[in-house]
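Step one of this worksheet: look at the structure below.
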Amino acid sequence: MNPTPIKVLVVDDEPPIRKLLRMGLTTQGYEILEASNGKIALEMLAQNPALIILDLGLPDIQGHELLRMIRGRNDSVPIVVLSSRGDEAGKVQALDLGADDYLTKPFGMDELLARMRAALRHQLQVHGERPVFRSGDLAVDLVRRIVKVGERDVKLSPKEYELLRVLVQHAGKVLTHRFLLKELWDELTDAQYLRVYVRQLRQKIEQDPERPQFVLTETGIGYRLRAGD
């Protein structure tokens with residue numbers, strides 16, 4: 001028997017974009033639902049999509065408001081946002097409102113598929129968190145608090161470990177500076193503190209801290225831990 005196809009809701013008011021996504025994703029075995037505006041998108045939630053691709057520039061409901069409304073009805077469905085190039089503030093706001101990832105138009109289908117897989121994996125991880133996370137040579141045992149790169153044990157300070165733990169719990173997902181500061185310090189709002197600890201963590205787990213393979217920078221937005229294997 002063939003497995004049930006994963007249902008993806010595409011919300012975009014541009015017919016050529018919807019056609020591109022429909023063709024590209026259908027060939028990968030996804031079932032596509034389409035919405036040309038926010039009102040239809042909200043109605044489509046009743047069909048329980050496994051993932052939503054959401055364009056922020058819709059004609060009837062402002063994109064961030066629609067994202068807030070979707071999250072009010074479904075707090076766990078992965079959402080990948082499509083945004084215009086250079087709209088850094090809009091991307092940060094979307095991520096803070098609960099989007100899992102973003103892509104800048106124009107985008108490549110391979111990159112979109114990779115982001116979708118990471119978002120779906122992240123959701124599975126949240127609902128059934130694995131005690132040992134692996135990505136390449138990096139292994140993090142969340143139960144025993146053991147971190148290894150290859151065969152080498154990595155000694156982290158408590159704050160460095162907390163930073164890595166949060167990144168592991170959301171591996172593959174972009175985490176904004178604001179989110180990480182709130183998770184790690186409660187009251188702090190200066191991203192410079194975060195940069196210091198990211199730099200220290202990279203010194204310990206990256207082969208070349210200047211060209212990180214695990215803790216990746218999303219310029220002007222935050223950080224992303226490479227998705228697990």
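Residue names in the structure tokens use chain letters A, B, ... in the order shown, residue numbers from 1 in each chain, and ligand numbers from 1 in the order shown.
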Would you please give, as number ranges by chain, all residues of range 31-227 of chain A that DSSP assigns to helix (DSSP H, G or I) based on the backbone?
A: 38-47, 63-73, 88-96, 109-127, 158-169, 177-185, 191-205
Do you have, as a tab-separated table, the list of residues of range 81-101 of chain A lying at most 7 Å from range 174-186 of chain A, each with its nearest atom pair and that distance in Å to one decimal, counting only C-alpha atoms and ordered by chain then number?
residue	atom	partner	partner_atom	distance
A:Val92	CA	A:Thr176	CA	6.6
A:Leu95	CA	A:Thr176	CA	7.0
A:Asp100	CA	A:Val174	CA	6.8
A:Asp101	CA	A:Val174	CA	5.9
Rank A:Arg202, A:Lys148, A:Arg224, A:Lys91 by their smallest atom-to-atom distance to Ala171 in chain A, using only C-alpha atoms, and report the top residue only.
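So, comparing all the options, the nearest one is A:Arg224.
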Quick one: residues within 12 Å of range 26-28 of chain A, only C-alpha atoms, excluding same-chain residues fewer than 6 positions away - as a PDB file with all heavy atoms, in the first residue's frame?
ATOM      1  N   PRO A   5      -0.327  10.546   1.249  1.00  0.00           N
ATOM      2  CA  PRO A   5       0.526  11.702   0.942  1.00  0.00           C
ATOM      3  C   PRO A   5       0.390  12.798   1.994  1.00  0.00           C
ATOM      4  O   PRO A   5      -0.668  12.975   2.604  1.00  0.00           O
ATOM      5  CB  PRO A   5       0.019  12.175  -0.423  1.00  0.00           C
ATOM      6  CG  PRO A   5      -1.356  11.616  -0.560  1.00  0.00           C
ATOM      7  CD  PRO A   5      -1.370  10.342   0.223  1.00  0.00           C
ATOM      8  N   ILE A   6       1.477  13.515   2.219  1.00  0.00           N
ATOM      9  CA  ILE A   6       1.487  14.629   3.174  1.00  0.00           C
ATOM     10  C   ILE A   6       0.771  15.813   2.535  1.00  0.00           C
ATOM     11  O   ILE A   6       1.078  16.213   1.409  1.00  0.00           O
ATOM     12  CB  ILE A   6       2.932  15.000   3.550  1.00  0.00           C
ATOM     13  CG1 ILE A   6       3.585  13.839   4.310  1.00  0.00           C
ATOM     14  CG2 ILE A   6       2.975  16.278   4.385  1.00  0.00           C
ATOM     15  CD1 ILE A   6       5.072  14.025   4.548  1.00  0.00           C
ATOM     16  N   LYS A   7      -0.194  16.371   3.271  1.00  0.00           N
ATOM     17  CA  LYS A   7      -1.030  17.451   2.752  1.00  0.00           C
ATOM     18  C   LYS A   7      -0.379  18.800   3.040  1.00  0.00           C
ATOM     19  O   LYS A   7      -0.085  19.116   4.203  1.00  0.00           O
ATOM     20  CB  LYS A   7      -2.396  17.365   3.435  1.00  0.00           C
ATOM     21  CG  LYS A   7      -3.560  17.857   2.616  1.00  0.00           C
ATOM     22  CD  LYS A   7      -4.873  17.709   3.382  1.00  0.00           C
ATOM     23  CE  LYS A   7      -5.351  16.273   3.433  1.00  0.00           C
ATOM     24  NZ  LYS A   7      -6.678  16.173   4.099  1.00  0.00           N
ATOM     25  N   VAL A   8      -0.149  19.587   1.987  1.00  0.00           N
ATOM     26  CA  VAL A   8       0.486  20.909   2.123  1.00  0.00           C
ATOM     27  C   VAL A   8      -0.477  21.979   1.626  1.00  0.00           C
ATOM     28  O   VAL A   8      -0.983  21.896   0.506  1.00  0.00           O
ATOM     29  CB  VAL A   8       1.800  20.976   1.313  1.00  0.00           C
ATOM     30  CG1 VAL A   8       2.404  22.378   1.375  1.00  0.00           C
ATOM     31  CG2 VAL A   8       2.800  19.942   1.831  1.00  0.00           C
ATOM     32  N   VAL A  10      -0.883  25.644   0.316  1.00  0.00           N
ATOM     33  CA  VAL A  10      -0.143  26.747  -0.289  1.00  0.00           C
ATOM     34  C   VAL A  10      -1.035  27.986  -0.285  1.00  0.00           C
ATOM     35  O   VAL A  10      -2.116  27.985  -0.891  1.00  0.00           O
ATOM     36  CB  VAL A  10       0.280  26.403  -1.733  1.00  0.00           C
ATOM     37  CG1 VAL A  10       0.916  27.618  -2.404  1.00  0.00           C
ATOM     38  CG2 VAL A  10       1.241  25.216  -1.750  1.00  0.00           C
ATOM     39  N   ARG A  18       1.567  29.641  -7.285  1.00  0.00           N
ATOM     40  CA  ARG A  18       0.805  28.459  -6.867  1.00  0.00           C
ATOM     41  C   ARG A  18       1.016  27.309  -7.853  1.00  0.00           C
ATOM     42  O   ARG A  18       1.180  26.151  -7.453  1.00  0.00           O
ATOM     43  CB  ARG A  18      -0.691  28.781  -6.739  1.00  0.00           C
ATOM     44  CG  ARG A  18      -1.033  29.735  -5.602  1.00  0.00           C
ATOM     45  CD  ARG A  18      -2.489  29.581  -5.146  1.00  0.00           C
ATOM     46  NE  ARG A  18      -3.436  29.687  -6.241  1.00  0.00           N
ATOM     47  CZ  ARG A  18      -3.898  30.842  -6.734  1.00  0.00           C
ATOM     48  NH1 ARG A  18      -3.478  31.990  -6.221  1.00  0.00           N
ATOM     49  NH2 ARG A  18      -4.786  30.854  -7.716  1.00  0.00           N
ATOM     50  N   LYS A  19       1.041  27.635  -9.148  1.00  0.00           N
ATOM     51  CA  LYS A  19       1.248  26.603 -10.168  1.00  0.00           C
ATOM     52  C   LYS A  19       2.640  25.981 -10.031  1.00  0.00           C
ATOM     53  O   LYS A  19       2.797  24.745 -10.077  1.00  0.00           O
ATOM     54  CB  LYS A  19       1.072  27.197 -11.564  1.00  0.00           C
ATOM     55  CG  LYS A  19       1.228  26.167 -12.685  1.00  0.00           C
ATOM     56  CD  LYS A  19       1.055  26.800 -14.055  1.00  0.00           C
ATOM     57  CE  LYS A  19       1.240  25.768 -15.164  1.00  0.00           C
ATOM     58  NZ  LYS A  19       1.156  26.369 -16.507  1.00  0.00           N
ATOM     59  N   LEU A  20       3.644  26.827  -9.831  1.00  0.00           N
ATOM     60  CA  LEU A  20       5.012  26.353  -9.645  1.00  0.00           C
ATOM     61  C   LEU A  20       5.098  25.399  -8.458  1.00  0.00           C
ATOM     62  O   LEU A  20       5.685  24.309  -8.547  1.00  0.00           O
ATOM     63  CB  LEU A  20       5.946  27.553  -9.421  1.00  0.00           C
ATOM     64  CG  LEU A  20       7.381  27.224  -9.002  1.00  0.00           C
ATOM     65  CD1 LEU A  20       8.180  26.703 -10.180  1.00  0.00           C
ATOM     66  CD2 LEU A  20       8.061  28.455  -8.395  1.00  0.00           C
ATOM     67  N   MET A 109      13.367  25.318  -5.771  1.00  0.00           N
ATOM     68  CA  MET A 109      12.524  24.229  -5.274  1.00  0.00           C
ATOM     69  C   MET A 109      13.284  23.310  -4.316  1.00  0.00           C
ATOM     70  O   MET A 109      12.735  22.857  -3.313  1.00  0.00           O
ATOM     71  CB  MET A 109      11.965  23.424  -6.458  1.00  0.00           C
ATOM     72  CG  MET A 109      10.918  22.393  -6.069  1.00  0.00           C
ATOM     73  SD  MET A 109       9.482  23.069  -5.193  1.00  0.00           S
ATOM     74  CE  MET A 109       8.765  24.090  -6.471  1.00  0.00           C
ATOM     75  N   ASP A 110      14.566  23.053  -4.601  1.00  0.00           N
ATOM     76  CA  ASP A 110      15.352  22.182  -3.722  1.00  0.00           C
ATOM     77  C   ASP A 110      15.471  22.772  -2.326  1.00  0.00           C
ATOM     78  O   ASP A 110      15.379  22.057  -1.325  1.00  0.00           O
ATOM     79  CB  ASP A 110      16.754  21.937  -4.304  1.00  0.00           C
ATOM     80  CG  ASP A 110      16.730  21.001  -5.498  1.00  0.00           C
ATOM     81  OD1 ASP A 110      15.692  20.324  -5.693  1.00  0.00           O
ATOM     82  OD2 ASP A 110      17.731  20.939  -6.236  1.00  0.00           O
ATOM     83  N   LEU A 112      13.348  24.923  -0.937  1.00  0.00           N
ATOM     84  CA  LEU A 112      12.033  24.840  -0.308  1.00  0.00           C
ATOM     85  C   LEU A 112      11.790  23.438   0.245  1.00  0.00           C
ATOM     86  O   LEU A 112      11.337  23.280   1.384  1.00  0.00           O
ATOM     87  CB  LEU A 112      10.933  25.200  -1.309  1.00  0.00           C
ATOM     88  CG  LEU A 112       9.494  24.985  -0.823  1.00  0.00           C
ATOM     89  CD1 LEU A 112       9.180  25.841   0.393  1.00  0.00           C
ATOM     90  CD2 LEU A 112       8.488  25.255  -1.936  1.00  0.00           C
ATOM     91  N   LEU A 113      12.084  22.418  -0.534  1.00  0.00           N
ATOM     92  CA  LEU A 113      11.878  21.031  -0.086  1.00  0.00           C
ATOM     93  C   LEU A 113      12.706  20.737   1.160  1.00  0.00           C
ATOM     94  O   LEU A 113      12.225  20.080   2.093  1.00  0.00           O
ATOM     95  CB  LEU A 113      12.228  20.056  -1.213  1.00  0.00           C
ATOM     96  CG  LEU A 113      11.240  20.040  -2.391  1.00  0.00           C
ATOM     97  CD1 LEU A 113      11.851  19.317  -3.588  1.00  0.00           C
ATOM     98  CD2 LEU A 113       9.916  19.372  -1.987  1.00  0.00           C
ATOM     99  N   ALA A 114      13.949  21.234   1.197  1.00  0.00           N
ATOM    100  CA  ALA A 114      14.808  21.017   2.364  1.00  0.00           C
ATOM    101  C   ALA A 114      14.225  21.699   3.601  1.00  0.00           C
ATOM    102  O   ALA A 114      14.202  21.125   4.698  1.00  0.00           O
ATOM    103  CB  ALA A 114      16.218  21.533   2.084  1.00  0.00           C
ATOM    104  N   MET A 116      11.068  22.435   4.100  1.00  0.00           N
ATOM    105  CA  MET A 116       9.846  21.710   4.476  1.00  0.00           C
ATOM    106  C   MET A 116      10.187  20.455   5.272  1.00  0.00           C
ATOM    107  O   MET A 116       9.564  20.165   6.299  1.00  0.00           O
ATOM    108  CB  MET A 116       9.049  21.335   3.216  1.00  0.00           C
ATOM    109  CG  MET A 116       8.368  22.511   2.536  1.00  0.00           C
ATOM    110  SD  MET A 116       7.708  22.079   0.904  1.00  0.00           S
ATOM    111  CE  MET A 116       6.562  20.750   1.315  1.00  0.00           C
ATOM    112  N   ARG A 117      11.179  19.705   4.793  1.00  0.00           N
ATOM    113  CA  ARG A 117      11.576  18.478   5.508  1.00  0.00           C
ATOM    114  C   ARG A 117      12.056  18.797   6.918  1.00  0.00           C
ATOM    115  O   ARG A 117      11.707  18.110   7.882  1.00  0.00           O
ATOM    116  CB  ARG A 117      12.677  17.742   4.737  1.00  0.00           C
ATOM    117  CG  ARG A 117      12.185  17.012   3.498  1.00  0.00           C
ATOM    118  CD  ARG A 117      13.231  16.060   2.955  1.00  0.00           C
ATOM    119  NE  ARG A 117      14.430  16.742   2.514  1.00  0.00           N
ATOM    120  CZ  ARG A 117      14.628  17.192   1.270  1.00  0.00           C
ATOM    121  NH1 ARG A 117      13.689  17.020   0.346  1.00  0.00           N
ATOM    122  NH2 ARG A 117      15.756  17.802   0.948  1.00  0.00           N
TER     123      ARG A 117
END
With a distance cut-off of 10 Å and only C-alpha atoms, select the neighbouring residues of Leu216 in chain A, excluding the residue or stretch itself and same-chain residues fewer than 2 positions from it, and output the selection as a list of chain:residue names.
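Contacts, with the query itself left out: A:Gly172, A:Val174, A:Val198, A:Arg202, A:Arg211, A:Pro212, A:Gln213, A:Phe214, A:Glu218, A:Thr219, A:Gly222, A:Tyr223, A:Arg224, A:Leu225, A:Arg226.
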Interatomic distance, CA of Gly220 in chain A to CA of Val166 in chain A (Å, one decimal):
19.3 Å
Residue with smallest distance to Pro78 in chain A - pool A:Leu164, A:Gly98, A:Pro158, A:Glu187, counting only C-alpha atoms:
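Selected residue with least distance to Pro78 in chain A: A:Gly98.
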Name the residues of range 5-174 of chain A that fall into strand (DSSP E or B) according to DSSP on the backbone, using the chain letters and numbers of this document, as a VMD selection string.
chain A and resid 7 to 11 31 to 35 51 to 55 79 to 83 101 to 104 132 to 135 138 to 141 146 to 149 152 to 153
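Neighbouring residues of Leu58 in chain A at 9 Å or closer, counting only C-alpha atoms and skipping chain neighbours under 2 positions away, are Val11, Asp12, Asp13, Ser36, Asn37, Gly38, Asp55, Leu56, Asp60, Ile61, Gln62 and Gly63 of chain A.
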If you measure from CA of Leu45 in chain A to CA of Ile32 in chain A, what distance in Å do you get, rounded to one decimal?
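Value for the CA of Leu45 in chain A-CA of Ile32 in chain A distance: 12.8 Å.
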Near Leu120 in chain A, counting only C-alpha atoms, which residues have an atom at most 9 Å away, once you skip same-chain residues fewer than 6 positions from it, shown as a VMD selection string?
chain A and resid 50 to 51 77 to 78
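You will find CA of Leu194 in chain A at 28.9 Å from CA of Glu65 in chain A.
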